[in-house]
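Working notes, beginning with the structure itself.
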Amino acid sequence: MDLQDLIDRAEITDAITRYTLAIDEGDFDRLDTVFTPDAHIDYTESGGVSDSYPVVKAWLAEALPAFSAHRVHMLGQVAIELDDANEAAEVTAYFHNPMRISDGKGGERVVEVGGTYHHSFVRTPDGWRSRRLHERVAWTRGF
């Protein structure tokens with residue numbers, strides 16, 4: 001592994017962190033620094049949509065705040081497989097995502113989702129961007 005490999009891995013990891021912060025903080029415009037304009041995102045395993053980035057971004061901005069105002073992602077292992085030219089990468093990132101939601105009785109309860117994010121990243125003039133995300137759900141709790 002050379003210096004450029006380390007830099008690329010750090011930049012990809014930073015993009016995944018920007019993704020989780022954008023989701024958790026409701027700053028959906030920050031997702032523009034994570035995804036290519038033509039990216040495809042698939043959230044169907046967690047009950048969401050699968051569509052182009054602009055459609056999914058709009059859906060997130062409407063659906064997530066209505067579902068939970070309190071979201072926290074925790075990332076674990078991040079596996080990055082760079083191609084030979086360091087122009088593309090397949091990335092798997094483990095996640096745990098607890099959220100507070102209404103219990104329907106005036107209180108709140110915690111629900112959780114755990115799984116892996118599967119990204120296909122490409123190098124762009126603006127840095128590393130994901131052109132595909134598939135959220136795979138391994139487990140849920142509290143739903």
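Residue numbers start at 1 in each chain; chains themselves are named A, B, ... in the order of the structure tokens; ligands are numbered from 1 in the order shown.
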Query raised in the report: Can you list, as a PyMOL selection string, every protein, DNA or RNA residue that comes within 8 Å of Arg132 in chain A when you count only C-alpha atoms, leaving out same-chain residues fewer than 4 positions away?
Result: chain A and resi 35+39-41+118-121
Filtering to N, CA, C and O atoms, could you give me those residues as an mmCIF file, in the first residue's frame?
data_model
loop_
_atom_site.group_PDB
_atom_site.id
_atom_site.type_symbol
_atom_site.label_atom_id
_atom_site.label_comp_id
_atom_site.auth_asym_id
_atom_site.auth_seq_id
_atom_site.Cartn_x
_atom_site.Cartn_y
_atom_site.Cartn_z
ATOM 1 N N PHE A 35 -22.613 11.745 -3.043
ATOM 2 C CA PHE A 35 -23.109 10.981 -4.197
ATOM 3 C C PHE A 35 -22.866 11.703 -5.515
ATOM 4 O O PHE A 35 -22.868 12.936 -5.575
ATOM 5 N N ALA A 39 -26.260 8.876 -9.182
ATOM 6 C CA ALA A 39 -26.160 7.693 -8.306
ATOM 7 C C ALA A 39 -27.513 6.996 -8.165
ATOM 8 O O ALA A 39 -28.574 7.605 -8.309
ATOM 9 N N HIS A 40 -27.444 5.718 -7.852
ATOM 10 C CA HIS A 40 -28.640 4.924 -7.541
ATOM 11 C C HIS A 40 -28.536 4.483 -6.082
ATOM 12 O O HIS A 40 -27.489 4.002 -5.650
ATOM 13 N N ILE A 41 -29.635 4.667 -5.339
ATOM 14 C CA ILE A 41 -29.653 4.335 -3.915
ATOM 15 C C ILE A 41 -30.816 3.397 -3.650
ATOM 16 O O ILE A 41 -31.936 3.649 -4.095
ATOM 17 N N HIS A 118 -23.312 -0.853 1.248
ATOM 18 C CA HIS A 118 -22.485 -1.294 0.126
ATOM 19 C C HIS A 118 -22.467 -0.176 -0.915
ATOM 20 O O HIS A 118 -23.491 0.103 -1.547
ATOM 21 N N HIS A 119 -21.316 0.461 -1.030
ATOM 22 C CA HIS A 119 -21.140 1.586 -1.951
ATOM 23 C C HIS A 119 -20.233 1.178 -3.104
ATOM 24 O O HIS A 119 -19.291 0.397 -2.922
ATOM 25 N N SER A 120 -20.484 1.782 -4.256
ATOM 26 C CA SER A 120 -19.525 1.797 -5.359
ATOM 27 C C SER A 120 -19.071 3.237 -5.509
ATOM 28 O O SER A 120 -19.864 4.107 -5.885
ATOM 29 N N PHE A 121 -17.817 3.505 -5.167
ATOM 30 C CA PHE A 121 -17.268 4.856 -5.241
ATOM 31 C C PHE A 121 -16.468 5.030 -6.521
ATOM 32 O O PHE A 121 -15.866 4.071 -7.028
#
Report task. Please provide as a VMD selection string all residues within 10 Å of Ile101 in chain A, with the sequence filter that same-chain residues fewer than 6 positions apart are discarded (counting only C-alpha atoms). Result -> chain A and resid 66 to 71 107 to 111 143
Would you save the residues of that selection, restricted to all heavy atoms, as a compact mmCIF listing (two decimals), in the first residue's frame?
# COMPACT_ATOMS: atom_id res chain seq x y z
N ALA A 66 -40.08 12.99 9.56
CA ALA A 66 -41.41 12.56 10.01
C ALA A 66 -41.33 11.27 10.81
O ALA A 66 -42.13 11.03 11.71
CB ALA A 66 -42.34 12.37 8.80
N PHE A 67 -40.34 10.44 10.51
CA PHE A 67 -40.17 9.16 11.21
C PHE A 67 -39.47 9.35 12.55
O PHE A 67 -39.90 8.84 13.58
CB PHE A 67 -39.40 8.17 10.33
CG PHE A 67 -39.16 6.85 10.97
CD1 PHE A 67 -40.20 5.95 11.16
CD2 PHE A 67 -37.89 6.50 11.40
CE1 PHE A 67 -39.97 4.72 11.76
CE2 PHE A 67 -37.65 5.27 12.00
CZ PHE A 67 -38.70 4.39 12.17
N SER A 68 -38.35 10.09 12.52
CA SER A 68 -37.55 10.28 13.74
C SER A 68 -36.75 11.57 13.64
O SER A 68 -36.04 11.78 12.66
CB SER A 68 -36.60 9.11 13.95
OG SER A 68 -35.72 9.37 15.03
N ALA A 69 -36.85 12.39 14.66
CA ALA A 69 -36.04 13.61 14.72
C ALA A 69 -34.69 13.35 15.39
O ALA A 69 -33.84 14.23 15.42
CB ALA A 69 -36.80 14.70 15.46
N HIS A 70 -34.50 12.17 15.94
CA HIS A 70 -33.29 11.83 16.69
C HIS A 70 -32.67 10.56 16.13
O HIS A 70 -33.09 9.45 16.46
CB HIS A 70 -33.61 11.67 18.17
CG HIS A 70 -34.34 12.84 18.75
ND1 HIS A 70 -33.70 14.02 19.09
CD2 HIS A 70 -35.64 13.04 19.01
CE1 HIS A 70 -34.58 14.87 19.54
NE2 HIS A 70 -35.77 14.31 19.51
N ARG A 71 -31.67 10.75 15.28
CA ARG A 71 -31.01 9.62 14.62
C ARG A 71 -29.51 9.67 14.91
O ARG A 71 -28.92 10.74 14.92
CB ARG A 71 -31.23 9.71 13.10
CG ARG A 71 -32.69 9.67 12.71
CD ARG A 71 -32.88 9.92 11.21
NE ARG A 71 -32.45 11.23 10.76
CZ ARG A 71 -33.20 12.33 10.79
NH1 ARG A 71 -34.42 12.29 11.28
NH2 ARG A 71 -32.75 13.48 10.33
N GLY A 107 -45.24 9.38 24.32
CA GLY A 107 -43.84 9.20 24.71
C GLY A 107 -42.99 8.81 23.52
O GLY A 107 -43.39 8.98 22.36
N GLU A 108 -41.83 8.28 23.81
CA GLU A 108 -40.91 7.84 22.77
C GLU A 108 -40.37 6.45 23.09
O GLU A 108 -40.41 6.02 24.24
CB GLU A 108 -39.74 8.81 22.64
CG GLU A 108 -40.12 10.17 22.13
CD GLU A 108 -38.92 11.08 21.98
OE1 GLU A 108 -38.02 11.05 22.85
OE2 GLU A 108 -38.88 11.81 20.99
N ARG A 109 -39.88 5.81 22.05
CA ARG A 109 -39.18 4.54 22.21
C ARG A 109 -38.02 4.52 21.23
O ARG A 109 -37.97 5.30 20.29
CB ARG A 109 -40.12 3.36 21.98
CG ARG A 109 -40.68 3.26 20.59
CD ARG A 109 -41.76 2.17 20.50
NE ARG A 109 -42.45 2.21 19.23
CZ ARG A 109 -42.22 1.40 18.21
NH1 ARG A 109 -41.32 0.43 18.33
NH2 ARG A 109 -42.89 1.52 17.09
N VAL A 110 -37.10 3.61 21.47
CA VAL A 110 -35.93 3.50 20.60
C VAL A 110 -36.11 2.30 19.68
O VAL A 110 -36.49 1.21 20.13
CB VAL A 110 -34.64 3.34 21.44
CG1 VAL A 110 -33.43 3.07 20.54
CG2 VAL A 110 -34.41 4.58 22.29
N VAL A 111 -35.85 2.52 18.42
CA VAL A 111 -35.79 1.43 17.45
C VAL A 111 -34.37 1.42 16.88
O VAL A 111 -33.67 2.44 16.91
CB VAL A 111 -36.84 1.60 16.32
CG1 VAL A 111 -38.24 1.52 16.89
CG2 VAL A 111 -36.64 2.89 15.55
N PHE A 143 -39.11 -2.39 16.47
CA PHE A 143 -40.14 -1.97 15.52
C PHE A 143 -41.47 -2.64 15.82
O PHE A 143 -41.58 -3.68 16.36
CB PHE A 143 -39.72 -2.28 14.09
CG PHE A 143 -38.70 -1.30 13.57
CD1 PHE A 143 -37.36 -1.55 13.71
CD2 PHE A 143 -39.11 -0.12 12.96
CE1 PHE A 143 -36.40 -0.65 13.22
CE2 PHE A 143 -38.17 0.78 12.48
CZ PHE A 143 -36.81 0.51 12.62
Report task. Apply DSSP to the backbone of this structure and, from range 4-141 of chain A, keep only the residues in strand (DSSP E); write these as a VMD selection string. Result -> chain A and resid 35 to 42 50 to 52 70 to 71 74 to 82 88 to 102 108 to 124 127 to 141
Query - For CA of Ala10 in chain A and CA of Leu31 in chain A, the interatomic separation in Å (one decimal) - result: 17.7 Å
Exercise: Val137 in chain A partners within 12 Å, only C-alpha atoms, chain neighbours under 5 positions left out, as a PDB file with N, CA and C atoms, in the first residue's frame:
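Okay, this is what ended up in around_5.pdb:
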ATOM      1  N   ASP A  42     -30.540   2.328  -2.900  1.00  0.00           N
ATOM      2  CA  ASP A  42     -31.545   1.309  -2.598  1.00  0.00           C
ATOM      3  C   ASP A  42     -31.685   1.127  -1.094  1.00  0.00           C
ATOM      4  N   TYR A  43     -32.821   1.592  -0.562  1.00  0.00           N
ATOM      5  CA  TYR A  43     -33.154   1.444   0.850  1.00  0.00           C
ATOM      6  C   TYR A  43     -34.308   0.464   1.063  1.00  0.00           C
ATOM      7  N   THR A  44     -34.602  -0.379   0.101  1.00  0.00           N
ATOM      8  CA  THR A  44     -35.810  -1.213   0.189  1.00  0.00           C
ATOM      9  C   THR A  44     -35.765  -2.205   1.346  1.00  0.00           C
ATOM     10  N   GLU A  45     -34.581  -2.646   1.758  1.00  0.00           N
ATOM     11  CA  GLU A  45     -34.518  -3.623   2.847  1.00  0.00           C
ATOM     12  C   GLU A  45     -34.948  -3.036   4.185  1.00  0.00           C
ATOM     13  N   SER A  46     -34.911  -1.707   4.295  1.00  0.00           N
ATOM     14  CA  SER A  46     -35.370  -1.065   5.536  1.00  0.00           C
ATOM     15  C   SER A  46     -36.731  -0.389   5.342  1.00  0.00           C
ATOM     16  N   GLY A  47     -37.421  -0.744   4.264  1.00  0.00           N
ATOM     17  CA  GLY A  47     -38.753  -0.201   4.025  1.00  0.00           C
ATOM     18  C   GLY A  47     -38.761   1.089   3.237  1.00  0.00           C
ATOM     19  N   GLY A  48     -37.636   1.476   2.690  1.00  0.00           N
ATOM     20  CA  GLY A  48     -37.542   2.716   1.934  1.00  0.00           C
ATOM     21  C   GLY A  48     -37.670   2.505   0.443  1.00  0.00           C
ATOM     22  N   ALA A  93     -19.426  -0.892   4.644  1.00  0.00           N
ATOM     23  CA  ALA A  93     -19.290  -0.257   5.956  1.00  0.00           C
ATOM     24  C   ALA A  93     -20.382  -0.796   6.866  1.00  0.00           C
ATOM     25  N   TYR A  94     -19.985  -1.327   8.008  1.00  0.00           N
ATOM     26  CA  TYR A  94     -20.942  -1.817   8.999  1.00  0.00           C
ATOM     27  C   TYR A  94     -21.570  -0.628   9.715  1.00  0.00           C
ATOM     28  N   PHE A  95     -22.872  -0.722  10.003  1.00  0.00           N
ATOM     29  CA  PHE A  95     -23.532   0.362  10.727  1.00  0.00           C
ATOM     30  C   PHE A  95     -24.494  -0.155  11.783  1.00  0.00           C
ATOM     31  N   HIS A  96     -24.705   0.674  12.790  1.00  0.00           N
ATOM     32  CA  HIS A  96     -25.717   0.491  13.830  1.00  0.00           C
ATOM     33  C   HIS A  96     -26.419   1.840  13.914  1.00  0.00           C
ATOM     34  N   ASN A  97     -27.747   1.845  13.796  1.00  0.00           N
ATOM     35  CA  ASN A  97     -28.490   3.099  13.694  1.00  0.00           C
ATOM     36  C   ASN A  97     -29.687   3.101  14.647  1.00  0.00           C
ATOM     37  N   GLU A 112     -33.940   0.269  16.387  1.00  0.00           N
ATOM     38  CA  GLU A 112     -32.570   0.138  15.905  1.00  0.00           C
ATOM     39  C   GLU A 112     -32.529  -0.662  14.614  1.00  0.00           C
ATOM     40  N   VAL A 113     -31.567  -0.303  13.788  1.00  0.00           N
ATOM     41  CA  VAL A 113     -31.293  -1.030  12.553  1.00  0.00           C
ATOM     42  C   VAL A 113     -29.792  -1.279  12.508  1.00  0.00           C
ATOM     43  N   GLY A 114     -29.405  -2.487  12.159  1.00  0.00           N
ATOM     44  CA  GLY A 114     -27.994  -2.817  11.991  1.00  0.00           C
ATOM     45  C   GLY A 114     -27.785  -3.504  10.660  1.00  0.00           C
ATOM     46  N   GLY A 115     -26.674  -3.235  10.040  1.00  0.00           N
ATOM     47  CA  GLY A 115     -26.399  -3.876   8.759  1.00  0.00           C
ATOM     48  C   GLY A 115     -25.136  -3.346   8.134  1.00  0.00           C
ATOM     49  N   THR A 116     -25.129  -3.370   6.806  1.00  0.00           N
ATOM     50  CA  THR A 116     -23.970  -2.914   6.050  1.00  0.00           C
ATOM     51  C   THR A 116     -24.411  -2.019   4.904  1.00  0.00           C
ATOM     52  N   TYR A 117     -23.602  -0.989   4.681  1.00  0.00           N
ATOM     53  CA  TYR A 117     -23.762  -0.148   3.498  1.00  0.00           C
ATOM     54  C   TYR A 117     -22.801  -0.664   2.441  1.00  0.00           C
ATOM     55  N   HIS A 118     -23.312  -0.853   1.248  1.00  0.00           N
ATOM     56  CA  HIS A 118     -22.485  -1.294   0.126  1.00  0.00           C
ATOM     57  C   HIS A 118     -22.467  -0.176  -0.915  1.00  0.00           C
TER      58      HIS A 118
END
**Report entry** Within 7 Å of Ala15 in chain A using only C-alpha atoms, minus same-chain residues under 4 positions, as an MDAnalysis selection string
**Finding:** chainID A and resid 11 19 34
What does the file look like for those residues with C-alpha atoms, as a short mmCIF file (atom, residue, chain, number, x, y, z; two decimals), in the first residue's frame?
data_model
loop_
_atom_site.label_atom_id
_atom_site.label_comp_id
_atom_site.auth_asym_id
_atom_site.auth_seq_id
_atom_site.Cartn_x
_atom_site.Cartn_y
_atom_site.Cartn_z
CA GLU A 11 -11.14 10.31 1.62
CA TYR A 19 -23.18 10.56 4.65
CA VAL A 34 -21.26 12.10 -1.06
#
Query raised in the report: Tell me, which residues of chain A carry DSSP helix (DSSP H, G or I), written as a PyMOL selection string?
Result: chain A and resi 3-25+28-33+44-46+53-67
Applying 8 Å and only C-alpha atoms, which residues near Val122 in chain A remain after dropping the ones on its own chain fewer than 2 positions away? List them as a PDB file with all heavy atoms, in the first residue's frame.
ATOM      1  N   GLU A  87      -9.237   4.420  -9.341  1.00  0.00           N
ATOM      2  CA  GLU A  87     -10.260   5.318  -9.865  1.00  0.00           C
ATOM      3  C   GLU A  87     -11.656   4.899  -9.424  1.00  0.00           C
ATOM      4  O   GLU A  87     -12.619   5.643  -9.609  1.00  0.00           O
ATOM      5  CB  GLU A  87     -10.203   5.367 -11.399  1.00  0.00           C
ATOM      6  CG  GLU A  87      -8.925   5.978 -11.933  1.00  0.00           C
ATOM      7  CD  GLU A  87      -8.754   7.443 -11.538  1.00  0.00           C
ATOM      8  OE1 GLU A  87      -9.751   8.192 -11.569  1.00  0.00           O
ATOM      9  OE2 GLU A  87      -7.618   7.833 -11.188  1.00  0.00           O
ATOM     10  N   ALA A  88     -11.779   3.709  -8.851  1.00  0.00           N
ATOM     11  CA  ALA A  88     -13.070   3.197  -8.377  1.00  0.00           C
ATOM     12  C   ALA A  88     -12.808   2.301  -7.173  1.00  0.00           C
ATOM     13  O   ALA A  88     -11.702   1.785  -6.997  1.00  0.00           O
ATOM     14  CB  ALA A  88     -13.779   2.411  -9.479  1.00  0.00           C
ATOM     15  N   ALA A  89     -13.843   2.141  -6.347  1.00  0.00           N
ATOM     16  CA  ALA A  89     -13.687   1.311  -5.152  1.00  0.00           C
ATOM     17  C   ALA A  89     -15.030   0.709  -4.768  1.00  0.00           C
ATOM     18  O   ALA A  89     -16.072   1.376  -4.865  1.00  0.00           O
ATOM     19  CB  ALA A  89     -13.143   2.134  -3.989  1.00  0.00           C
ATOM     20  N   SER A 120     -20.484   1.782  -4.256  1.00  0.00           N
ATOM     21  CA  SER A 120     -19.525   1.797  -5.359  1.00  0.00           C
ATOM     22  C   SER A 120     -19.071   3.237  -5.509  1.00  0.00           C
ATOM     23  O   SER A 120     -19.864   4.107  -5.885  1.00  0.00           O
ATOM     24  CB  SER A 120     -20.169   1.315  -6.660  1.00  0.00           C
ATOM     25  OG  SER A 120     -20.508  -0.042  -6.579  1.00  0.00           O
ATOM     26  N   THR A 124     -13.906  11.534  -8.742  1.00  0.00           N
ATOM     27  CA  THR A 124     -14.446  12.603  -9.591  1.00  0.00           C
ATOM     28  C   THR A 124     -13.551  13.829  -9.427  1.00  0.00           C
ATOM     29  O   THR A 124     -12.715  13.869  -8.525  1.00  0.00           O
ATOM     30  CB  THR A 124     -15.892  12.971  -9.189  1.00  0.00           C
ATOM     31  OG1 THR A 124     -15.864  13.714  -7.966  1.00  0.00           O
ATOM     32  CG2 THR A 124     -16.778  11.737  -9.046  1.00  0.00           C
ATOM     33  N   TRP A 128     -13.868  11.764  -4.125  1.00  0.00           N
ATOM     34  CA  TRP A 128     -14.534  10.465  -4.192  1.00  0.00           C
ATOM     35  C   TRP A 128     -16.035  10.635  -3.953  1.00  0.00           C
ATOM     36  O   TRP A 128     -16.438  11.308  -3.004  1.00  0.00           O
ATOM     37  CB  TRP A 128     -13.953   9.510  -3.159  1.00  0.00           C
ATOM     38  CG  TRP A 128     -12.606   8.995  -3.552  1.00  0.00           C
ATOM     39  CD1 TRP A 128     -11.397   9.515  -3.198  1.00  0.00           C
ATOM     40  CD2 TRP A 128     -12.335   7.874  -4.386  1.00  0.00           C
ATOM     41  NE1 TRP A 128     -10.387   8.776  -3.760  1.00  0.00           N
ATOM     42  CE2 TRP A 128     -10.931   7.754  -4.494  1.00  0.00           C
ATOM     43  CE3 TRP A 128     -13.139   6.948  -5.042  1.00  0.00           C
ATOM     44  CZ2 TRP A 128     -10.325   6.762  -5.233  1.00  0.00           C
ATOM     45  CZ3 TRP A 128     -12.529   5.946  -5.787  1.00  0.00           C
ATOM     46  CH2 TRP A 128     -11.146   5.863  -5.877  1.00  0.00           C
ATOM     47  N   ARG A 129     -16.849  10.019  -4.821  1.00  0.00           N
ATOM     48  CA  ARG A 129     -18.306  10.076  -4.700  1.00  0.00           C
ATOM     49  C   ARG A 129     -18.876   8.671  -4.927  1.00  0.00           C
ATOM     50  O   ARG A 129     -18.354   7.897  -5.729  1.00  0.00           O
ATOM     51  CB  ARG A 129     -18.926  11.030  -5.734  1.00  0.00           C
ATOM     52  CG  ARG A 129     -18.475  12.476  -5.622  1.00  0.00           C
ATOM     53  CD  ARG A 129     -19.006  13.130  -4.363  1.00  0.00           C
ATOM     54  NE  ARG A 129     -18.688  14.533  -4.283  1.00  0.00           N
ATOM     55  CZ  ARG A 129     -17.663  15.053  -3.637  1.00  0.00           C
ATOM     56  NH1 ARG A 129     -16.796  14.259  -3.009  1.00  0.00           N
ATOM     57  NH2 ARG A 129     -17.463  16.348  -3.601  1.00  0.00           N
ATOM     58  N   SER A 130     -19.967   8.394  -4.238  1.00  0.00           N
ATOM     59  CA  SER A 130     -20.649   7.111  -4.397  1.00  0.00           C
ATOM     60  C   SER A 130     -21.606   7.186  -5.581  1.00  0.00           C
ATOM     61  O   SER A 130     -22.423   8.101  -5.677  1.00  0.00           O
ATOM     62  CB  SER A 130     -21.439   6.773  -3.120  1.00  0.00           C
ATOM     63  OG  SER A 130     -22.151   5.564  -3.290  1.00  0.00           O
ATOM     64  N   ARG A 131     -21.505   6.206  -6.458  1.00  0.00           N
ATOM     65  CA  ARG A 131     -22.445   6.146  -7.582  1.00  0.00           C
ATOM     66  C   ARG A 131     -23.525   5.092  -7.346  1.00  0.00           C
ATOM     67  O   ARG A 131     -24.465   4.972  -8.117  1.00  0.00           O
ATOM     68  CB  ARG A 131     -21.713   5.876  -8.887  1.00  0.00           C
ATOM     69  CG  ARG A 131     -21.078   4.511  -8.947  1.00  0.00           C
ATOM     70  CD  ARG A 131     -20.404   4.252 -10.274  1.00  0.00           C
ATOM     71  NE  ARG A 131     -19.654   3.013 -10.162  1.00  0.00           N
ATOM     72  CZ  ARG A 131     -18.577   2.746 -10.841  1.00  0.00           C
ATOM     73  NH1 ARG A 131     -18.096   3.613 -11.697  1.00  0.00           N
ATOM     74  NH2 ARG A 131     -17.962   1.599 -10.678  1.00  0.00           N
TER      75      ARG A 131
END
